[in-house]
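Read the structure below first, then the notes.
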Amino acid sequence: MIEFLKRLFQKQGSSATAKERLRLVLMTDHLELAPEMIDSMKRDLVELISRYVEVDRERIDVTFERQDRTLAMLANIPILSVNRPNGNGAVTEAPNPAPAAAPAAESRPAGAPPVRKRKRRKKARSVRANLPSTA
Amino acid sequence: MSARKIVVTSGKGGVGKTTTTANLGATLAKRGKRVILIDADIGLRNLDLVLGLEKRIVFDLVEVAEGRCQLRQALIKDKRFDALSVLPAAQTREKDAITPEQFSAIVDQAADAADYVIIDSPAGIETGFRNAVAGAAEAIVVTTPEVSAIRDADRVVGKIAAVGKPIRLIVNRLRPEMVRTGDMLSVEDVCDVLSIELLGVVPDDEEVIDTTNRGEPVVLNESNRLRAIYEKIARRLEGELVPFTTFDNQSFFGRLIDALKAG
Ligand SMILES: Nc1ncnc2c1ncn2[C@@H]1O[C@H](COP(=O)(O)OP(=O)(O)O)[C@@H](O)[C@H]1O
Ligand SMILES: [Mg+2]
């Protein structure tokens with residue numbers, strides 16, 4: 001009887017797995033086939049985040065990673081400086097200075113070997129975004 | 001009036017491009033259309049064999065391209081129909097023996113004397129595929145409900161969409177009983193993943209192999225169910241709104257029946 005109920009209520013078989021795997025692999029394929037899209041997404045991201053904090057434009061790193069049932073976009077954006085919040089707690093919308101001229105307060109020293117992606121992410125000085133996995 | 005120029009393609013090999021081309025062509029011809037089928041698979045000629053016309057080949061596609069004969073001399077007329085003919089591919093030449101421009105010119109010439117020119121594309125996304133797509137104004141992408149075929153189909157859909165040609169999908173070799181038990185992707189799933197318009201669903205049928213052995217398109221067999229299925233596809237191609245046969249998805253009742261059957 002339990003077997004019977006299982007058969008009745010469980011979506012069995014491999015088709016659900018197939019669909020899930022396909023969805024993810026096609027998303028990855030599409031991203032790989034559209035490097036210009038990723039570049040322009042990077043530019044837009046930087047522009048948006050620069051409205052709030054000063055970021056190191058040279059060292060922005062965007063990757064995509066399969067995470068269980070979703071595809072995640074991991075954007076590692078080193079922050080150079082954060083303006084002191086003003087009276088009401090809002091962030092001032094200062095025009096962002098060119099990265100070269102900026103005080104490299106929180107970035108790693110110039111010429112330092114690149115830190116591995118995962119480590120850098122753990123430092124939590126990056127912005128991380130999840131793309132919805134449904135197209 | 002010029003013909004519809006349709007490429008049948010898939011990315012992956014062995015999913016049913018040639019079978020689709022032959023049966024769709026035969027069906028359209030039975031419906032009174034003038035049809036020219038072009039085998040664009042240079043080096044791996046097959047369409048002639050599937051249609052049982054292999055003994056009648058005199059000239060081929062490459063010889064037409066090189067100006068060594070006229071198109072009409074190379075066309076093999078299928079005597080079982082009023083107006084179906086086939087332009088065979090060259091069997092012993094390289095894929096790049098012909099340019100996209102040459103190929104398109106041949107398709108256009110064929111289009112002057114037909115209602116439908118259907119191009120049987122080779123597998124892959126290289127020269128042969130590019131030629132076949134260059135010559136067509138619209139595409140039929142064929143896939144089976146399997147992950148590798150669908151992934152490859154998605155790749156060719158991307159390539160064809162990039163040149164702005166309309167694309168429709170045929171899901172081939174569907175096994176409804178497997179879909180019902182959740183062991184095969186449903187048509188709905190495939191359409192969902194590929195997000196292109198569905199043109200038709202062709203079930204897996206042993207008789208396809210049998211009729212191919214004899215060189216007779218399966219639609220010539222009065223009693224085969226695929227005959228009605230290709231007929232519907234042909235009517236959709238001609239712009240008619242033909243409802244799809246529902247090949248049961250894994251519904252609650254489908255599962256109930258299976259559960260009862262399994263005891
Ligand atoms: N609907 C079908 N049912 C059963 N067998 C099929 C069906 N469609 C194609 N086949 C078989 O699949 C094989 C590959 O088909 P073919 O048309 O030659 O593929 P392609 O041209 O894409 O390489 C052949 O053996 C053919 O008989
Ligand atoms: Mg073929």
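Quick note on naming: the chains in the structure tokens go A, B, ... in the order shown, residues restart at 1 in each chain, and ligands are numbered from 1 in order of appearance.
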
Neighbourhood of ligand 1 at 6 Å, counting only C-alpha atoms and all ligand atoms, reported as a list in words: Gly13, Gly14, Val15, Gly16, Lys17, Thr18, Thr19, Asn172, Arg173, Val202, Pro203, Asp204, Asp205, Glu206, Val208 and Ile209 of chain B

N, CA and C atoms of the current selection, written as a PDB file, in the first residue's frame:
ATOM      1  N   GLY B  13      23.434  14.679 -34.458  1.00  0.00           N
ATOM      2  CA  GLY B  13      23.135  13.747 -35.543  1.00  0.00           C
ATOM      3  C   GLY B  13      22.198  12.637 -35.081  1.00  0.00           C
ATOM      4  N   GLY B  14      21.540  12.022 -36.035  1.00  0.00           N
ATOM      5  CA  GLY B  14      20.733  10.846 -35.728  1.00  0.00           C
ATOM      6  C   GLY B  14      19.437  11.091 -34.979  1.00  0.00           C
ATOM      7  N   VAL B  15      18.949  12.339 -34.994  1.00  0.00           N
ATOM      8  CA  VAL B  15      17.702  12.617 -34.274  1.00  0.00           C
ATOM      9  C   VAL B  15      16.480  12.584 -35.194  1.00  0.00           C
ATOM     10  N   GLY B  16      16.727  12.555 -36.507  1.00  0.00           N
ATOM     11  CA  GLY B  16      15.598  12.416 -37.431  1.00  0.00           C
ATOM     12  C   GLY B  16      15.444  13.517 -38.469  1.00  0.00           C
ATOM     13  N   LYS B  17      16.507  14.234 -38.779  1.00  0.00           N
ATOM     14  CA  LYS B  17      16.412  15.287 -39.807  1.00  0.00           C
ATOM     15  C   LYS B  17      16.012  14.706 -41.161  1.00  0.00           C
ATOM     16  N   THR B  18      16.737  13.663 -41.563  1.00  0.00           N
ATOM     17  CA  THR B  18      16.494  13.093 -42.891  1.00  0.00           C
ATOM     18  C   THR B  18      15.110  12.444 -42.955  1.00  0.00           C
ATOM     19  N   THR B  19      14.744  11.744 -41.897  1.00  0.00           N
ATOM     20  CA  THR B  19      13.414  11.128 -41.830  1.00  0.00           C
ATOM     21  C   THR B  19      12.325  12.202 -41.916  1.00  0.00           C
ATOM     22  N   ASN B 172      10.843  14.677 -32.013  1.00  0.00           N
ATOM     23  CA  ASN B 172      10.787  13.377 -32.694  1.00  0.00           C
ATOM     24  C   ASN B 172      11.059  12.237 -31.722  1.00  0.00           C
ATOM     25  N   ARG B 173      10.522  11.082 -32.054  1.00  0.00           N
ATOM     26  CA  ARG B 173      10.752   9.844 -31.296  1.00  0.00           C
ATOM     27  C   ARG B 173      10.253   9.907 -29.866  1.00  0.00           C
ATOM     28  N   VAL B 202       6.317  13.856 -33.187  1.00  0.00           N
ATOM     29  CA  VAL B 202       6.295  12.578 -33.898  1.00  0.00           C
ATOM     30  C   VAL B 202       6.684  11.474 -32.920  1.00  0.00           C
ATOM     31  N   PRO B 203       5.792  10.528 -32.680  1.00  0.00           N
ATOM     32  CA  PRO B 203       6.142   9.460 -31.748  1.00  0.00           C
ATOM     33  C   PRO B 203       7.193   8.518 -32.326  1.00  0.00           C
ATOM     34  N   ASP B 204       7.838   7.811 -31.446  1.00  0.00           N
ATOM     35  CA  ASP B 204       8.772   6.786 -31.868  1.00  0.00           C
ATOM     36  C   ASP B 204       7.960   5.630 -32.449  1.00  0.00           C
ATOM     37  N   ASP B 205       8.372   5.168 -33.617  1.00  0.00           N
ATOM     38  CA  ASP B 205       7.591   4.127 -34.267  1.00  0.00           C
ATOM     39  C   ASP B 205       8.531   3.176 -34.995  1.00  0.00           C
ATOM     40  N   GLU B 206       8.460   1.924 -34.612  1.00  0.00           N
ATOM     41  CA  GLU B 206       9.355   0.904 -35.200  1.00  0.00           C
ATOM     42  C   GLU B 206       9.256   0.853 -36.713  1.00  0.00           C
ATOM     43  N   VAL B 208       9.216   3.054 -38.795  1.00  0.00           N
ATOM     44  CA  VAL B 208      10.104   3.979 -39.502  1.00  0.00           C
ATOM     45  C   VAL B 208      11.343   3.231 -39.985  1.00  0.00           C
ATOM     46  N   ILE B 209      11.870   2.385 -39.138  1.00  0.00           N
ATOM     47  CA  ILE B 209      13.069   1.637 -39.502  1.00  0.00           C
ATOM     48  C   ILE B 209      12.743   0.651 -40.633  1.00  0.00           C
TER      49      ILE B 209
END

Please list as a list of chain:residue names every residue within 9 Å of A:His30, counting only C-alpha atoms and excluding residues in the same chain fewer than 4 positions away.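 The residues that qualify are A:Val25, A:Leu26, A:Ala34, B:Arg155, B:Gly158.
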
Distance limit 10 Å, reference ligand 2, atoms considered: only C-alpha atoms and all ligand atoms. Which residues make the cut? Give them as a list of chain:residue names.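 So, counting only C-alpha atoms and all ligand atoms, the residues near ligand 2 are B:Val8, B:Thr9, B:Ser10, B:Gly13, B:Gly14, B:Val15, B:Gly16, B:Lys17, B:Thr18, B:Thr19, B:Thr20, B:Thr21, B:Asp39, B:Ala40, B:Asp41, B:Leu44, B:Arg45, B:Asn46, B:Leu47, B:Val50, B:Asp120, B:Ser121, B:Pro122, B:Ala123.
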
Generate a file of the selected residues that holds N, CA, C and O atoms, formatted as a JSON list (two decimals), in the first residue's frame.
[["chain", "number", "residue", "atom", "x", "y", "z"],
["B", 8, "VAL", "N", 15.85, 21.91, -42.45],
["B", 8, "VAL", "CA", 15.58, 20.99, -41.34],
["B", 8, "VAL", "C", 16.92, 20.68, -40.69],
["B", 8, "VAL", "O", 17.82, 20.13, -41.33],
["B", 9, "THR", "N", 17.07, 21.07, -39.43],
["B", 9, "THR", "CA", 18.38, 20.96, -38.80],
["B", 9, "THR", "C", 18.23, 20.55, -37.33],
["B", 9, "THR", "O", 17.12, 20.47, -36.82],
["B", 10, "SER", "N", 19.36, 20.28, -36.66],
["B", 10, "SER", "CA", 19.23, 19.75, -35.29],
["B", 10, "SER", "C", 20.44, 19.93, -34.37],
["B", 10, "SER", "O", 20.32, 19.82, -33.17],
["B", 13, "GLY", "N", 23.43, 14.68, -34.46],
["B", 13, "GLY", "CA", 23.14, 13.75, -35.54],
["B", 13, "GLY", "C", 22.20, 12.64, -35.08],
["B", 13, "GLY", "O", 22.09, 12.37, -33.88],
["B", 14, "GLY", "N", 21.54, 12.02, -36.03],
["B", 14, "GLY", "CA", 20.73, 10.85, -35.73],
["B", 14, "GLY", "C", 19.44, 11.09, -34.98],
["B", 14, "GLY", "O", 18.87, 10.18, -34.40],
["B", 15, "VAL", "N", 18.95, 12.34, -34.99],
["B", 15, "VAL", "CA", 17.70, 12.62, -34.27],
["B", 15, "VAL", "C", 16.48, 12.58, -35.19],
["B", 15, "VAL", "O", 15.35, 12.59, -34.71],
["B", 16, "GLY", "N", 16.73, 12.56, -36.51],
["B", 16, "GLY", "CA", 15.60, 12.42, -37.43],
["B", 16, "GLY", "C", 15.44, 13.52, -38.47],
["B", 16, "GLY", "O", 14.36, 13.69, -39.03],
["B", 17, "LYS", "N", 16.51, 14.23, -38.78],
["B", 17, "LYS", "CA", 16.41, 15.29, -39.81],
["B", 17, "LYS", "C", 16.01, 14.71, -41.16],
["B", 17, "LYS", "O", 15.10, 15.20, -41.82],
["B", 18, "THR", "N", 16.74, 13.66, -41.56],
["B", 18, "THR", "CA", 16.49, 13.09, -42.89],
["B", 18, "THR", "C", 15.11, 12.44, -42.95],
["B", 18, "THR", "O", 14.38, 12.62, -43.93],
["B", 19, "THR", "N", 14.74, 11.74, -41.90],
["B", 19, "THR", "CA", 13.41, 11.13, -41.83],
["B", 19, "THR", "C", 12.33, 12.20, -41.92],
["B", 19, "THR", "O", 11.33, 12.04, -42.64],
["B", 20, "THR", "N", 12.53, 13.29, -41.20],
["B", 20, "THR", "CA", 11.56, 14.39, -41.21],
["B", 20, "THR", "C", 11.47, 15.02, -42.60],
["B", 20, "THR", "O", 10.38, 15.24, -43.13],
["B", 21, "THR", "N", 12.63, 15.28, -43.20],
["B", 21, "THR", "CA", 12.65, 15.89, -44.53],
["B", 21, "THR", "C", 11.91, 15.02, -45.54],
["B", 21, "THR", "O", 11.06, 15.50, -46.29],
["B", 39, "ASP", "N", 19.57, 17.59, -50.34],
["B", 39, "ASP", "CA", 20.43, 16.96, -49.33],
["B", 39, "ASP", "C", 21.71, 17.80, -49.23],
["B", 39, "ASP", "O", 22.53, 17.83, -50.14],
["B", 40, "ALA", "N", 21.86, 18.49, -48.10],
["B", 40, "ALA", "CA", 23.03, 19.36, -47.92],
["B", 40, "ALA", "C", 24.15, 18.67, -47.16],
["B", 40, "ALA", "O", 25.13, 19.29, -46.80],
["B", 41, "ASP", "N", 23.98, 17.39, -46.93],
["B", 41, "ASP", "CA", 24.98, 16.66, -46.15],
["B", 41, "ASP", "C", 26.06, 16.09, -47.06],
["B", 41, "ASP", "O", 26.11, 14.88, -47.32],
["B", 44, "LEU", "N", 28.11, 12.68, -46.68],
["B", 44, "LEU", "CA", 27.30, 11.69, -45.96],
["B", 44, "LEU", "C", 25.88, 11.69, -46.52],
["B", 44, "LEU", "O", 24.92, 11.97, -45.83],
["B", 45, "ARG", "N", 25.81, 11.43, -47.81],
["B", 45, "ARG", "CA", 24.54, 11.46, -48.53],
["B", 45, "ARG", "C", 23.58, 10.38, -48.02],
["B", 45, "ARG", "O", 23.98, 9.23, -47.88],
["B", 46, "ASN", "N", 22.37, 10.74, -47.74],
["B", 46, "ASN", "CA", 21.42, 9.79, -47.16],
["B", 46, "ASN", "C", 19.98, 9.93, -47.63],
["B", 46, "ASN", "O", 19.24, 8.96, -47.66],
["B", 47, "LEU", "N", 19.60, 11.14, -47.97],
["B", 47, "LEU", "CA", 18.20, 11.39, -48.29],
["B", 47, "LEU", "C", 17.72, 10.52, -49.46],
["B", 47, "LEU", "O", 16.61, 9.99, -49.44],
["B", 50, "VAL", "N", 17.02, 7.00, -48.08],
["B", 50, "VAL", "CA", 15.80, 6.94, -47.28],
["B", 50, "VAL", "C", 14.57, 6.93, -48.19],
["B", 50, "VAL", "O", 13.58, 6.26, -47.92],
["B", 120, "ASP", "N", 17.78, 19.36, -46.19],
["B", 120, "ASP", "CA", 18.18, 18.43, -45.13],
["B", 120, "ASP", "C", 19.60, 18.79, -44.71],
["B", 120, "ASP", "O", 20.56, 18.55, -45.42],
["B", 121, "SER", "N", 19.71, 19.38, -43.54],
["B", 121, "SER", "CA", 21.00, 19.89, -43.08],
["B", 121, "SER", "C", 21.85, 18.79, -42.47],
["B", 121, "SER", "O", 21.33, 17.85, -41.89],
["B", 122, "PRO", "N", 23.17, 18.89, -42.59],
["B", 122, "PRO", "CA", 24.02, 17.95, -41.86],
["B", 122, "PRO", "C", 23.99, 18.30, -40.37],
["B", 122, "PRO", "O", 23.58, 19.38, -39.99],
["B", 123, "ALA", "N", 24.45, 17.36, -39.54],
["B", 123, "ALA", "CA", 24.57, 17.64, -38.11],
["B", 123, "ALA", "C", 25.71, 18.64, -37.90],
["B", 123, "ALA", "O", 26.46, 18.94, -38.83]]

Let me make sure I understand: among B:Ile119, B:Thr212, B:Glu240, B:Glu177, which one has the smallest atom-to-atom distance to chain A if we use only C-alpha atoms?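 Checking each candidate against chain A, we get B:Glu177 as the closest.
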
Need to verify the contact set: stretch 56-68 of chain A, 6 Å, only C-alpha atoms, exclusion of same-chain residues closer than 5 positions in sequence. Can you return it as a ChimeraX atom specification? /A:73-78,80

Would you mind exporting the chosen residues as a tab-separated table (two decimals), in the first residue's frame, restricted to N, CA and C atoms?
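The new file result-v1.tsv reads:
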chain	number	residue	atom	x	y	z
A	73	MET	N	25.28	34.21	-9.81
A	73	MET	CA	26.29	35.13	-10.32
A	73	MET	C	27.05	35.65	-9.12
A	74	LEU	N	28.36	35.46	-9.13
A	74	LEU	CA	29.16	35.92	-8.02
A	74	LEU	C	29.97	37.11	-8.50
A	75	ALA	N	29.65	38.25	-7.94
A	75	ALA	CA	30.38	39.45	-8.33
A	75	ALA	C	31.26	39.87	-7.17
A	76	ASN	N	32.55	39.88	-7.41
A	76	ASN	CA	33.47	40.30	-6.37
A	76	ASN	C	33.96	41.70	-6.71
A	77	ILE	N	33.51	42.65	-5.94
A	77	ILE	CA	33.80	44.05	-6.25
A	77	ILE	C	34.53	44.68	-5.06
A	78	PRO	N	35.84	44.79	-5.15
A	78	PRO	CA	36.59	45.37	-4.02
A	78	PRO	C	36.18	46.82	-3.77
A	80	LEU	N	36.97	50.43	-2.22
A	80	LEU	CA	38.13	51.24	-1.85
A	80	LEU	C	37.83	52.15	-0.67

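Excluding B:Ile42 itself and same-chain residues fewer than 4 positions from it, the residues having an atom within 9 Å of it are B:Leu61, B:Val62, B:Pro88, B:Ala89, B:Ala90, B:Gln91, B:Thr92, B:Arg93, B:Glu94, B:Lys95, B:Asp96, B:Ala97, B:Pro122, B:Gly128, counting only C-alpha atoms.
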